[in-house]
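Trainee: Structure supplied as model-v6.pdb; contents: PDB, C-alpha atoms.
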ATOM      1  CA  MET G 822     -28.083   2.478 -58.895  1.00  0.00           C
ATOM      2  CA  TYR G 823     -25.810   3.146 -55.925  1.00  0.00           C
ATOM      3  CA  ASN G 824     -26.195   6.529 -54.206  1.00  0.00           C
ATOM      4  CA  THR G 825     -22.792   7.544 -52.788  1.00  0.00           C
ATOM      5  CA  HIS G 826     -24.150  10.690 -51.159  1.00  0.00           C
ATOM      6  CA  ASN G 827     -26.657   8.775 -49.004  1.00  0.00           C
ATOM      7  CA  PHE G 828     -24.009   6.222 -48.050  1.00  0.00           C
ATOM      8  CA  LEU G 829     -21.593   8.967 -46.904  1.00  0.00           C
ATOM      9  CA  SER G 830     -24.363  10.725 -44.965  1.00  0.00           C
ATOM     10  CA  MET G 831     -25.280   7.481 -43.201  1.00  0.00           C
ATOM     11  CA  LYS G 832     -21.619   6.835 -42.433  1.00  0.00           C
ATOM     12  CA  LYS G 833     -21.257  10.338 -40.909  1.00  0.00           C
ATOM     13  CA  ILE G 834     -24.387   9.861 -38.793  1.00  0.00           C
ATOM     14  CA  PHE G 835     -23.127   6.477 -37.586  1.00  0.00           C
ATOM     15  CA  ILE G 836     -19.729   7.918 -36.611  1.00  0.00           C
ATOM     16  CA  LEU G 837     -21.390  10.866 -34.877  1.00  0.00           C
ATOM     17  CA  CYS G 838     -23.593   8.469 -32.890  1.00  0.00           C
ATOM     18  CA  LEU G 839     -20.567   6.404 -31.840  1.00  0.00           C
ATOM     19  CA  LEU G 840     -18.669   9.511 -30.741  1.00  0.00           C
ATOM     20  CA  THR G 841     -21.670  10.732 -28.742  1.00  0.00           C
ATOM     21  CA  ILE G 842     -21.991   7.387 -26.961  1.00  0.00           C
ATOM     22  CA  PHE G 843     -18.262   7.388 -26.224  1.00  0.00           C
ATOM     23  CA  VAL G 844     -18.270  10.930 -24.798  1.00  0.00           C
ATOM     24  CA  VAL G 845     -21.375  10.358 -22.677  1.00  0.00           C
ATOM     25  CA  SER G 846     -20.151   7.027 -21.309  1.00  0.00           C
ATOM     26  CA  CYS G 847     -16.685   8.302 -20.389  1.00  0.00           C
ATOM     27  CA  LYS G 848     -16.815   9.922 -17.017  1.00  0.00           C
ATOM     28  CA  PRO G 849     -13.617  11.212 -15.451  1.00  0.00           C
ATOM     29  CA  THR G 850     -11.927   8.697 -13.178  1.00  0.00           C
ATOM     30  CA  ILE G 851      -9.674  11.211 -11.416  1.00  0.00           C
ATOM     31  CA  ASP G 852     -10.101  14.626  -9.843  1.00  0.00           C
ATOM     32  CA  THR G 853      -7.242  16.439 -11.551  1.00  0.00           C
ATOM     33  CA  LYS G 854      -7.636  19.666  -9.543  1.00  0.00           C
ATOM     34  CA  SER G 855      -7.454  17.831  -6.198  1.00  0.00           C
ATOM     35  CA  GLN G 856      -4.506  15.759  -7.356  1.00  0.00           C
ATOM     36  CA  VAL G 857      -2.526  18.799  -8.520  1.00  0.00           C
ATOM     37  CA  GLY G 858      -3.267  20.382  -5.131  1.00  0.00           C
ATOM     38  CA  LEU G 859      -1.418  17.522  -3.396  1.00  0.00           C
ATOM     39  CA  LYS G 860       1.712  17.822  -5.525  1.00  0.00           C
ATOM     40  CA  GLY G 861       4.729  18.201  -3.260  1.00  0.00           C
ATOM     41  CA  ASN G 862       6.018  17.123   0.131  1.00  0.00           C
ATOM     42  CA  TRP G 863       3.827  16.539   3.170  1.00  0.00           C
ATOM     43  CA  LYS G 864       4.081  15.366   6.779  1.00  0.00           C
ATOM     44  CA  ILE G 865       1.425  13.750   8.942  1.00  0.00           C
ATOM     45  CA  THR G 866       1.116  16.032  11.968  1.00  0.00           C
ATOM     46  CA  ASN G 867      -1.722  14.277  13.779  1.00  0.00           C
ATOM     47  CA  VAL G 868      -3.676  11.030  13.819  1.00  0.00           C
ATOM     48  CA  SER G 869      -7.034  11.083  15.565  1.00  0.00           C
ATOM     49  CA  TYR G 870     -10.098   8.914  16.086  1.00  0.00           C
ATOM     50  CA  PRO G 871     -13.129  11.252  16.217  1.00  0.00           C
ATOM     51  CA  GLY G 872     -15.537  10.118  18.900  1.00  0.00           C
ATOM     52  CA  SER G 873     -13.060   7.787  20.584  1.00  0.00           C
ATOM     53  CA  GLU G 874      -9.407   7.797  21.578  1.00  0.00           C
ATOM     54  CA  TYR G 875      -9.514   4.426  23.333  1.00  0.00           C
ATOM     55  CA  PHE G 876      -8.427   1.920  20.736  1.00  0.00           C
ATOM     56  CA  LYS G 877      -5.294   0.969  18.880  1.00  0.00           C
ATOM     57  CA  ALA G 878      -5.283   0.477  15.147  1.00  0.00           C
ATOM     58  CA  THR G 879      -2.640  -0.781  12.768  1.00  0.00           C
ATOM     59  CA  SER G 880      -2.498   1.426   9.692  1.00  0.00           C
ATOM     60  CA  PHE G 881      -1.826  -0.048   6.256  1.00  0.00           C
ATOM     61  CA  GLN G 882      -0.654  -3.289   7.895  1.00  0.00           C
ATOM     62  CA  ILE G 883       2.593  -1.493   8.786  1.00  0.00           C
ATOM     63  CA  ALA G 884       2.474  -0.026  12.297  1.00  0.00           C
ATOM     64  CA  ASP G 885       0.230   1.489  14.961  1.00  0.00           C
ATOM     65  CA  SER G 886      -1.612   4.451  13.457  1.00  0.00           C
ATOM     66  CA  LYS G 887      -0.047   6.890  15.961  1.00  0.00           C
ATOM     67  CA  CYS G 888       3.386   5.863  14.633  1.00  0.00           C
ATOM     68  CA  PHE G 889       2.498   7.653  11.392  1.00  0.00           C
ATOM     69  CA  ILE G 890       2.778  11.047  13.092  1.00  0.00           C
ATOM     70  CA  GLY G 891       5.897  12.603  11.585  1.00  0.00           C
ATOM     71  CA  SER G 892       5.896  10.356   8.508  1.00  0.00           C
ATOM     72  CA  THR G 893       6.820  12.110   5.285  1.00  0.00           C
ATOM     73  CA  TRP G 894       4.945  11.775   2.021  1.00  0.00           C
ATOM     74  CA  SER G 895       5.751  12.994  -1.470  1.00  0.00           C
ATOM     75  CA  PHE G 896       3.038  13.154  -4.133  1.00  0.00           C
ATOM     76  CA  VAL G 897       3.740  13.584  -7.848  1.00  0.00           C
ATOM     77  CA  SER G 898       0.473  14.538  -9.537  1.00  0.00           C
ATOM     78  CA  ASN G 899       1.387  14.104 -13.205  1.00  0.00           C
ATOM     79  CA  ASN G 900       2.094  10.370 -12.882  1.00  0.00           C
ATOM     80  CA  ASN G 901       0.274   9.510  -9.626  1.00  0.00           C
ATOM     81  CA  LYS G 902       3.407   8.196  -7.979  1.00  0.00           C
ATOM     82  CA  GLY G 903       5.278   9.193  -4.858  1.00  0.00           C
ATOM     83  CA  THR G 904       7.038   7.983  -1.760  1.00  0.00           C
ATOM     84  CA  MET G 905       6.427   7.721   1.955  1.00  0.00           C
ATOM     85  CA  ALA G 906       8.769   7.205   4.889  1.00  0.00           C
ATOM     86  CA  LEU G 907       7.899   6.190   8.428  1.00  0.00           C
ATOM     87  CA  THR G 908      10.522   6.682  11.164  1.00  0.00           C
ATOM     88  CA  GLN G 909       8.486   6.434  14.391  1.00  0.00           C
ATOM     89  CA  CYS G 910       8.198   2.943  15.938  1.00  0.00           C
ATOM     90  CA  THR G 911       9.735   1.312  12.849  1.00  0.00           C
ATOM     91  CA  ASP G 912      11.716   2.265   9.776  1.00  0.00           C
ATOM     92  CA  PHE G 913       9.610   1.803   6.677  1.00  0.00           C
ATOM     93  CA  GLN G 914       9.919   3.384   3.254  1.00  0.00           C
ATOM     94  CA  SER G 915       7.942   2.679   0.129  1.00  0.00           C
ATOM     95  CA  ASP G 916       7.117   3.974  -3.290  1.00  0.00           C
ATOM     96  CA  ILE G 917       3.419   4.630  -3.665  1.00  0.00           C
ATOM     97  CA  VAL G 918       0.834   4.955  -6.412  1.00  0.00           C
ATOM     98  CA  TRP G 919      -2.192   7.111  -5.643  1.00  0.00           C
ATOM     99  CA  SER G 920      -5.150   8.928  -7.163  1.00  0.00           C
ATOM    100  CA  ILE G 921      -8.241  10.906  -6.196  1.00  0.00           C
ATOM    101  CA  THR G 922     -11.611  10.188  -7.796  1.00  0.00           C
ATOM    102  CA  PRO G 923     -14.234  12.874  -8.512  1.00  0.00           C
ATOM    103  CA  GLU G 924     -16.059  11.554  -5.409  1.00  0.00           C
ATOM    104  CA  LYS G 925     -12.990  12.542  -3.287  1.00  0.00           C
ATOM    105  CA  GLU G 926     -11.949   8.940  -2.763  1.00  0.00           C
ATOM    106  CA  PHE G 927      -8.194   8.613  -2.309  1.00  0.00           C
ATOM    107  CA  THR G 928      -6.736   5.320  -3.517  1.00  0.00           C
ATOM    108  CA  LEU G 929      -3.299   4.220  -2.356  1.00  0.00           C
ATOM    109  CA  LYS G 930      -0.979   1.315  -3.135  1.00  0.00           C
ATOM    110  CA  PHE G 931       2.377   0.640  -1.531  1.00  0.00           C
ATOM    111  CA  ILE G 932       4.820  -0.578  -4.170  1.00  0.00           C
ATOM    112  CA  GLY G 933       7.659  -2.803  -2.989  1.00  0.00           C
ATOM    113  CA  GLU G 934      11.104  -3.067  -4.515  1.00  0.00           C
ATOM    114  CA  ASP G 935      11.112  -4.193  -8.139  1.00  0.00           C
ATOM    115  CA  ALA G 936       7.289  -4.388  -8.155  1.00  0.00           C
ATOM    116  CA  LYS G 937       5.013  -2.938 -10.797  1.00  0.00           C
ATOM    117  CA  ALA G 938       1.921  -1.055  -9.600  1.00  0.00           C
ATOM    118  CA  ARG G 939      -0.413  -3.073 -11.824  1.00  0.00           C
ATOM    119  CA  LYS G 940       0.804  -6.286 -10.172  1.00  0.00           C
ATOM    120  CA  VAL G 941       0.067  -5.014  -6.647  1.00  0.00           C
ATOM    121  CA  THR G 942      -3.448  -6.212  -5.885  1.00  0.00           C
ATOM    122  CA  GLN G 943      -3.869  -4.792  -2.381  1.00  0.00           C
ATOM    123  CA  GLY G 944      -4.581  -1.135  -1.849  1.00  0.00           C
ATOM    124  CA  TYR G 945      -6.440   1.261   0.382  1.00  0.00           C
ATOM    125  CA  ARG G 946      -9.365   3.640  -0.116  1.00  0.00           C
ATOM    126  CA  MET G 947      -9.857   6.687   2.044  1.00  0.00           C
ATOM    127  CA  ARG G 948     -11.790   9.918   1.823  1.00  0.00           C
ATOM    128  CA  VAL G 949     -10.041  13.245   1.183  1.00  0.00           C
ATOM    129  CA  ALA G 950     -11.377  16.065   3.373  1.00  0.00           C
ATOM    130  CA  ASN G 951     -10.635  19.692   4.195  1.00  0.00           C
ATOM    131  CA  GLN G 952      -8.115  20.084   1.390  1.00  0.00           C
ATOM    132  CA  SER G 953      -6.419  23.484   1.227  1.00  0.00           C
ATOM    133  CA  GLU G 954      -3.145  24.734  -0.193  1.00  0.00           C
ATOM    134  CA  ASN G 955      -1.189  23.712   2.921  1.00  0.00           C
ATOM    135  CA  SER G 956      -3.181  20.919   4.563  1.00  0.00           C
ATOM    136  CA  PHE G 957      -5.609  18.087   3.983  1.00  0.00           C
ATOM    137  CA  GLN G 958      -6.990  15.039   5.751  1.00  0.00           C
ATOM    138  CA  LEU G 959      -7.289  11.412   4.756  1.00  0.00           C
ATOM    139  CA  ILE G 960     -10.093   9.626   6.572  1.00  0.00           C
ATOM    140  CA  ASP G 961      -9.979   5.841   6.774  1.00  0.00           C
ATOM    141  CA  LYS G 962     -12.969   3.773   7.962  1.00  0.00           C
ATOM    142  CA  ILE G 963     -12.023   0.788  10.090  1.00  0.00           C
ATOM    143  CA  THR G 964     -13.920  -1.892  11.973  1.00  0.00           C
ATOM    144  CA  VAL G 965     -13.508  -1.916  15.750  1.00  0.00           C
ATOM    145  CA  GLY G 966     -15.344  -4.858  17.265  1.00  0.00           C
ATOM    146  CA  SER G 967     -18.797  -4.706  15.696  1.00  0.00           C
ATOM    147  CA  ASN G 968     -18.645  -0.950  15.043  1.00  0.00           C
ATOM    148  CA  THR G 969     -16.960   1.266  12.479  1.00  0.00           C
ATOM    149  CA  ALA G 970     -14.706   4.168  13.359  1.00  0.00           C
ATOM    150  CA  ASP G 971     -12.707   6.772  11.489  1.00  0.00           C
ATOM    151  CA  ILE G 972      -8.979   7.338  11.583  1.00  0.00           C
ATOM    152  CA  VAL G 973      -8.121  10.873  10.497  1.00  0.00           C
ATOM    153  CA  TYR G 974      -4.608  11.521   9.176  1.00  0.00           C
ATOM    154  CA  GLN G 975      -3.823  15.266   9.209  1.00  0.00           C
ATOM    155  CA  PHE G 976      -1.271  16.307   6.552  1.00  0.00           C
ATOM    156  CA  GLN G 977       0.707  19.576   6.463  1.00  0.00           C
ATOM    157  CA  ARG G 978       2.744  20.790   3.483  1.00  0.00           C
ATOM    158  CA  THR G 979       6.489  20.876   4.190  1.00  0.00           C
ATOM    159  CA  ASN G 980       7.833  22.701   1.139  1.00  0.00           C
TER
END
Let's see the structure in the file written out as structure tokens.
Mentor:
Amino acid sequence: MYNTHNFLSMKKIFILCLLTIFVVSCKPTIDTKSQVGLKGNWKITNVSYPGSEYFKATSFQIADSKCFIGSTWSFVSNNNKGTMALTQCTDFQSDIVWSITPEKEFTLKFIGEDAKARKVTQGYRMRVANQSENSFQLIDKITVGSNTADIVYQFQRTN
């Protein structure tokens, strides 16, 4: 004889186990609060190299890092898109895709004309630091000779 009640109980337990595994295994991939805090328009007001000011570095394969002072950035937090424009040393504009992980890692991709973000395979990872309502820093680790150094991009809100 077939016991429908036991079968339904087993089915409920199985579904509950699957849901528990799903919830436990899904950890957030973005830091929503930090991302919402960046929503708006920003300008890089300073670029520094803590511990050393004696080297030149090309940022994002675009221009010397000091050329990014004065560059403007717009971050849209609900779709992780935005724009940036560089006017010092060279004229460069690009759409961007970005996010912040719970570990405060900022990921950035420059998206060229008619390109889709998922098809862009090169991106950058930096650390977000000292985030407040009107300023934050992105810290990029680079290799200089056989050593590593930081480049700190200081952002100020413009709106």
Trainee: Taking the file above as input, evaluate the PyMOL selection byres ((chain G and resi 949) around 6) and report the hits as a VMD selection string.
Mentor: chain G and resid 925 948 950 958 to 959
Trainee: Please produce an output containing C-alpha atoms for each residue in the selection, written as a short mmCIF file (atom, residue, chain, number, x, y, z; two decimals), keeping the file's coordinate frame.
Mentor:
data_model
loop_
_atom_site.label_atom_id
_atom_site.label_comp_id
_atom_site.auth_asym_id
_atom_site.auth_seq_id
_atom_site.Cartn_x
_atom_site.Cartn_y
_atom_site.Cartn_z
CA LYS G 925 -12.99 12.54 -3.29
CA ARG G 948 -11.79 9.92 1.82
CA ALA G 950 -11.38 16.07 3.37
CA GLN G 958 -6.99 15.04 5.75
CA LEU G 959 -7.29 11.41 4.76
#
Trainee: Which residue, G:Arg946, G:Lys860, G:Lys962, G:Arg978, has the smallest gap to Val897 in chain G when you use all atoms listed in the file?
Mentor: G:Lys860
Trainee: On this file, the PyMOL selection byres ((chain G and resi 855) around 10) gives some set of residues; write that set as a PyMOL selection string.
Mentor: chain G and resi 851-854+856-860+898+920-923+925+949+952-953
Trainee: Which residues match the PyMOL selection byres ((chain G and resi 870) around 10) in the file above, as a PyMOL selection string?
Mentor: chain G and resi 868-869+871-878+886+960-961+970-974
Trainee: Closest to Lys930 in chain G among G:Gln909, G:Thr879, G:Ser892, G:Met947, using only C-alpha atoms?
Mentor: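 Of all the options, G:Met947 lies closest to Lys930 in chain G.
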Trainee: Which one of G:Cys910, G:Lys887, G:Thr893, G:Gly944 sits closest to Phe931 in chain G if you count only C-alpha atoms?
Mentor: G:Gly944
Trainee: Starting from the point (2.4, 24.9, 2.9), work out which residues of protein, DNA or RNA have an atom no more than 7 Å away when counting only C-alpha atoms; state them as a ChimeraX atom specification.
Mentor: /G:954-955,977-980
Trainee: Quick one: distance from CA of Asn968 in chain G to CA of Ile883 in chain G in Å, one decimal?
Mentor: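 We find that CA of Asn968 in chain G and CA of Ile883 in chain G lie 22.1 Å from each other.
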Trainee: Find the residues near Ile917 in chain G: any atom within 7 Å, counting all atoms listed in the file, skip ones fewer than 4 places away on the same chain, and give them as a PDB file with C-alpha atoms, keeping the file's coordinate frame.
Mentor:
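Ended up saving to result08.pdb:
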ATOM      1  CA  LYS G 902       3.407   8.196  -7.979  1.00  0.00           C
ATOM      2  CA  GLY G 903       5.278   9.193  -4.858  1.00  0.00           C
ATOM      3  CA  THR G 904       7.038   7.983  -1.760  1.00  0.00           C
ATOM      4  CA  LEU G 929      -3.299   4.220  -2.356  1.00  0.00           C
ATOM      5  CA  LYS G 930      -0.979   1.315  -3.135  1.00  0.00           C
ATOM      6  CA  PHE G 931       2.377   0.640  -1.531  1.00  0.00           C
ATOM      7  CA  ILE G 932       4.820  -0.578  -4.170  1.00  0.00           C
TER       8      ILE G 932
END
Trainee: For Gly891 in chain G, which residue out of G:Ser956, G:Thr866, G:Thr850, G:Thr911 is the nearest one, using only C-alpha atoms?
Mentor: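 Ranked by minimum distance to Gly891 in chain G, first place goes to G:Thr866.
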Trainee: Which value, in Å to one decimal, gives the distance between CA of Asn901 in chain G and CA of Gly933 in chain G?
Mentor: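 A separation of 15.8 Å between them.
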Trainee: For CA of Phe889 in chain G and CA of Thr908 in chain G, quote the distance in Å rounded to one decimal.
Mentor: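 One can read the CA of Phe889 in chain G to CA of Thr908 in chain G distance as 8.1 Å.
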Trainee: Report as AutoDock Vina command-line options the centre and the edge lengths, in Å to one decimal, of the axis-aligned box holding every listed atom of range 871-882 of chain G, padded by 8 Å on each side.
Mentor:
--center_x -8.1 --center_y 4.0 --center_z 14.8 --size_x 30.9 --size_y 30.5 --size_z 33.1
Trainee: Between G:Thr964, G:Val918, G:Gln975, G:Ala884, which one has atoms that come closest to Tyr945 in chain G, using only C-alpha atoms?
Mentor: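 Answer, going by the shortest atom-to-atom distance: G:Val918.
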Trainee: Using only C-alpha atoms, which of G:Thr928, G:Lys864, G:Asn951, G:Ser967 sits nearest Ser895 in chain G?
Mentor: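 Among the listed residues, G:Lys864 lies closest to Ser895 in chain G.
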Trainee: Could you rebuild range 946-969 of chain G with N, CA, C and O atoms and give it back as a JSON list (two decimals), in the frame of the given file?
Mentor:
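Wrote it out as result-v4.json, contents follow:
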[["chain", "number", "residue", "atom", "x", "y", "z"],
["G", 946, "ARG", "N", -8.47, 2.56, 0.31],
["G", 946, "ARG", "CA", -9.36, 3.64, -0.12],
["G", 946, "ARG", "C", -9.74, 4.47, 1.10],
["G", 946, "ARG", "O", -10.17, 3.91, 2.11],
["G", 947, "MET", "N", -9.52, 5.76, 0.97],
["G", 947, "MET", "CA", -9.86, 6.69, 2.04],
["G", 947, "MET", "C", -10.56, 7.89, 1.44],
["G", 947, "MET", "O", -10.55, 8.07, 0.22],
["G", 948, "ARG", "N", -11.12, 8.71, 2.28],
["G", 948, "ARG", "CA", -11.79, 9.92, 1.82],
["G", 948, "ARG", "C", -10.87, 11.11, 2.05],
["G", 948, "ARG", "O", -10.24, 11.23, 3.10],
["G", 949, "VAL", "N", -10.79, 12.00, 1.05],
["G", 949, "VAL", "CA", -10.04, 13.24, 1.18],
["G", 949, "VAL", "C", -10.99, 14.29, 1.76],
["G", 949, "VAL", "O", -12.13, 14.42, 1.30],
["G", 950, "ALA", "N", -10.54, 15.04, 2.76],
["G", 950, "ALA", "CA", -11.38, 16.07, 3.37],
["G", 950, "ALA", "C", -10.55, 17.30, 3.69],
["G", 950, "ALA", "O", -9.33, 17.22, 3.86],
["G", 951, "ASN", "N", -11.23, 18.43, 3.76],
["G", 951, "ASN", "CA", -10.64, 19.69, 4.20],
["G", 951, "ASN", "C", -9.34, 20.03, 3.46],
["G", 951, "ASN", "O", -8.38, 20.50, 4.07],
["G", 952, "GLN", "N", -9.32, 19.81, 2.16],
["G", 952, "GLN", "CA", -8.12, 20.08, 1.39],
["G", 952, "GLN", "C", -7.95, 21.58, 1.17],
["G", 952, "GLN", "O", -8.88, 22.26, 0.72],
["G", 953, "SER", "N", -6.78, 22.10, 1.50],
["G", 953, "SER", "CA", -6.42, 23.48, 1.23],
["G", 953, "SER", "C", -5.02, 23.47, 0.62],
["G", 953, "SER", "O", -4.44, 22.41, 0.40],
["G", 954, "GLU", "N", -4.47, 24.65, 0.41],
["G", 954, "GLU", "CA", -3.14, 24.73, -0.19],
["G", 954, "GLU", "C", -2.07, 24.10, 0.69],
["G", 954, "GLU", "O", -1.11, 23.53, 0.18],
["G", 955, "ASN", "N", -2.24, 24.17, 2.00],
["G", 955, "ASN", "CA", -1.19, 23.71, 2.92],
["G", 955, "ASN", "C", -1.58, 22.57, 3.84],
["G", 955, "ASN", "O", -0.79, 22.18, 4.70],
["G", 956, "SER", "N", -2.79, 22.04, 3.71],
["G", 956, "SER", "CA", -3.18, 20.92, 4.56],
["G", 956, "SER", "C", -4.33, 20.14, 3.93],
["G", 956, "SER", "O", -5.03, 20.64, 3.06],
["G", 957, "PHE", "N", -4.47, 18.92, 4.37],
["G", 957, "PHE", "CA", -5.61, 18.09, 3.98],
["G", 957, "PHE", "C", -5.69, 16.93, 4.96],
["G", 957, "PHE", "O", -4.78, 16.70, 5.75],
["G", 958, "GLN", "N", -6.81, 16.22, 4.91],
["G", 958, "GLN", "CA", -6.99, 15.04, 5.75],
["G", 958, "GLN", "C", -7.33, 13.84, 4.88],
["G", 958, "GLN", "O", -8.02, 13.97, 3.87],
["G", 959, "LEU", "N", -6.83, 12.68, 5.30],
["G", 959, "LEU", "CA", -7.29, 11.41, 4.76],
["G", 959, "LEU", "C", -8.05, 10.72, 5.88],
["G", 959, "LEU", "O", -7.56, 10.63, 7.01],
["G", 960, "ILE", "N", -9.25, 10.26, 5.56],
["G", 960, "ILE", "CA", -10.09, 9.63, 6.57],
["G", 960, "ILE", "C", -10.33, 8.18, 6.16],
["G", 960, "ILE", "O", -10.88, 7.90, 5.10],
["G", 961, "ASP", "N", -9.87, 7.28, 7.01],
["G", 961, "ASP", "CA", -9.98, 5.84, 6.77],
["G", 961, "ASP", "C", -11.06, 5.28, 7.69],
["G", 961, "ASP", "O", -11.10, 5.60, 8.88],
["G", 962, "LYS", "N", -11.94, 4.46, 7.15],
["G", 962, "LYS", "CA", -12.97, 3.77, 7.96],
["G", 962, "LYS", "C", -12.42, 2.40, 8.33],
["G", 962, "LYS", "O", -11.96, 1.66, 7.47],
["G", 963, "ILE", "N", -12.48, 2.09, 9.62],
["G", 963, "ILE", "CA", -12.02, 0.79, 10.09],
["G", 963, "ILE", "C", -13.12, 0.14, 10.93],
["G", 963, "ILE", "O", -14.03, 0.80, 11.40],
["G", 964, "THR", "N", -12.99, -1.15, 11.12],
["G", 964, "THR", "CA", -13.92, -1.89, 11.97],
["G", 964, "THR", "C", -13.26, -2.11, 13.33],
["G", 964, "THR", "O", -12.13, -2.60, 13.41],
["G", 965, "VAL", "N", -13.97, -1.72, 14.38],
["G", 965, "VAL", "CA", -13.51, -1.92, 15.75],
["G", 965, "VAL", "C", -14.59, -2.72, 16.45],
["G", 965, "VAL", "O", -15.67, -2.20, 16.74],
["G", 966, "GLY", "N", -14.31, -3.98, 16.71],
["G", 966, "GLY", "CA", -15.34, -4.86, 17.26],
["G", 966, "GLY", "C", -16.46, -5.00, 16.25],
["G", 966, "GLY", "O", -16.23, -5.39, 15.12],
["G", 967, "SER", "N", -17.67, -4.63, 16.63],
["G", 967, "SER", "CA", -18.80, -4.71, 15.70],
["G", 967, "SER", "C", -19.18, -3.32, 15.18],
["G", 967, "SER", "O", -20.22, -3.16, 14.55],
["G", 968, "ASN", "N", -18.36, -2.32, 15.47],
["G", 968, "ASN", "CA", -18.64, -0.95, 15.04],
["G", 968, "ASN", "C", -17.62, -0.47, 14.03],
["G", 968, "ASN", "O", -16.56, -1.07, 13.87],
["G", 969, "THR", "N", -17.94, 0.63, 13.36],
["G", 969, "THR", "CA", -16.96, 1.27, 12.48],
["G", 969, "THR", "C", -16.51, 2.56, 13.12],
["G", 969, "THR", "O", -17.24, 3.20, 13.88]]
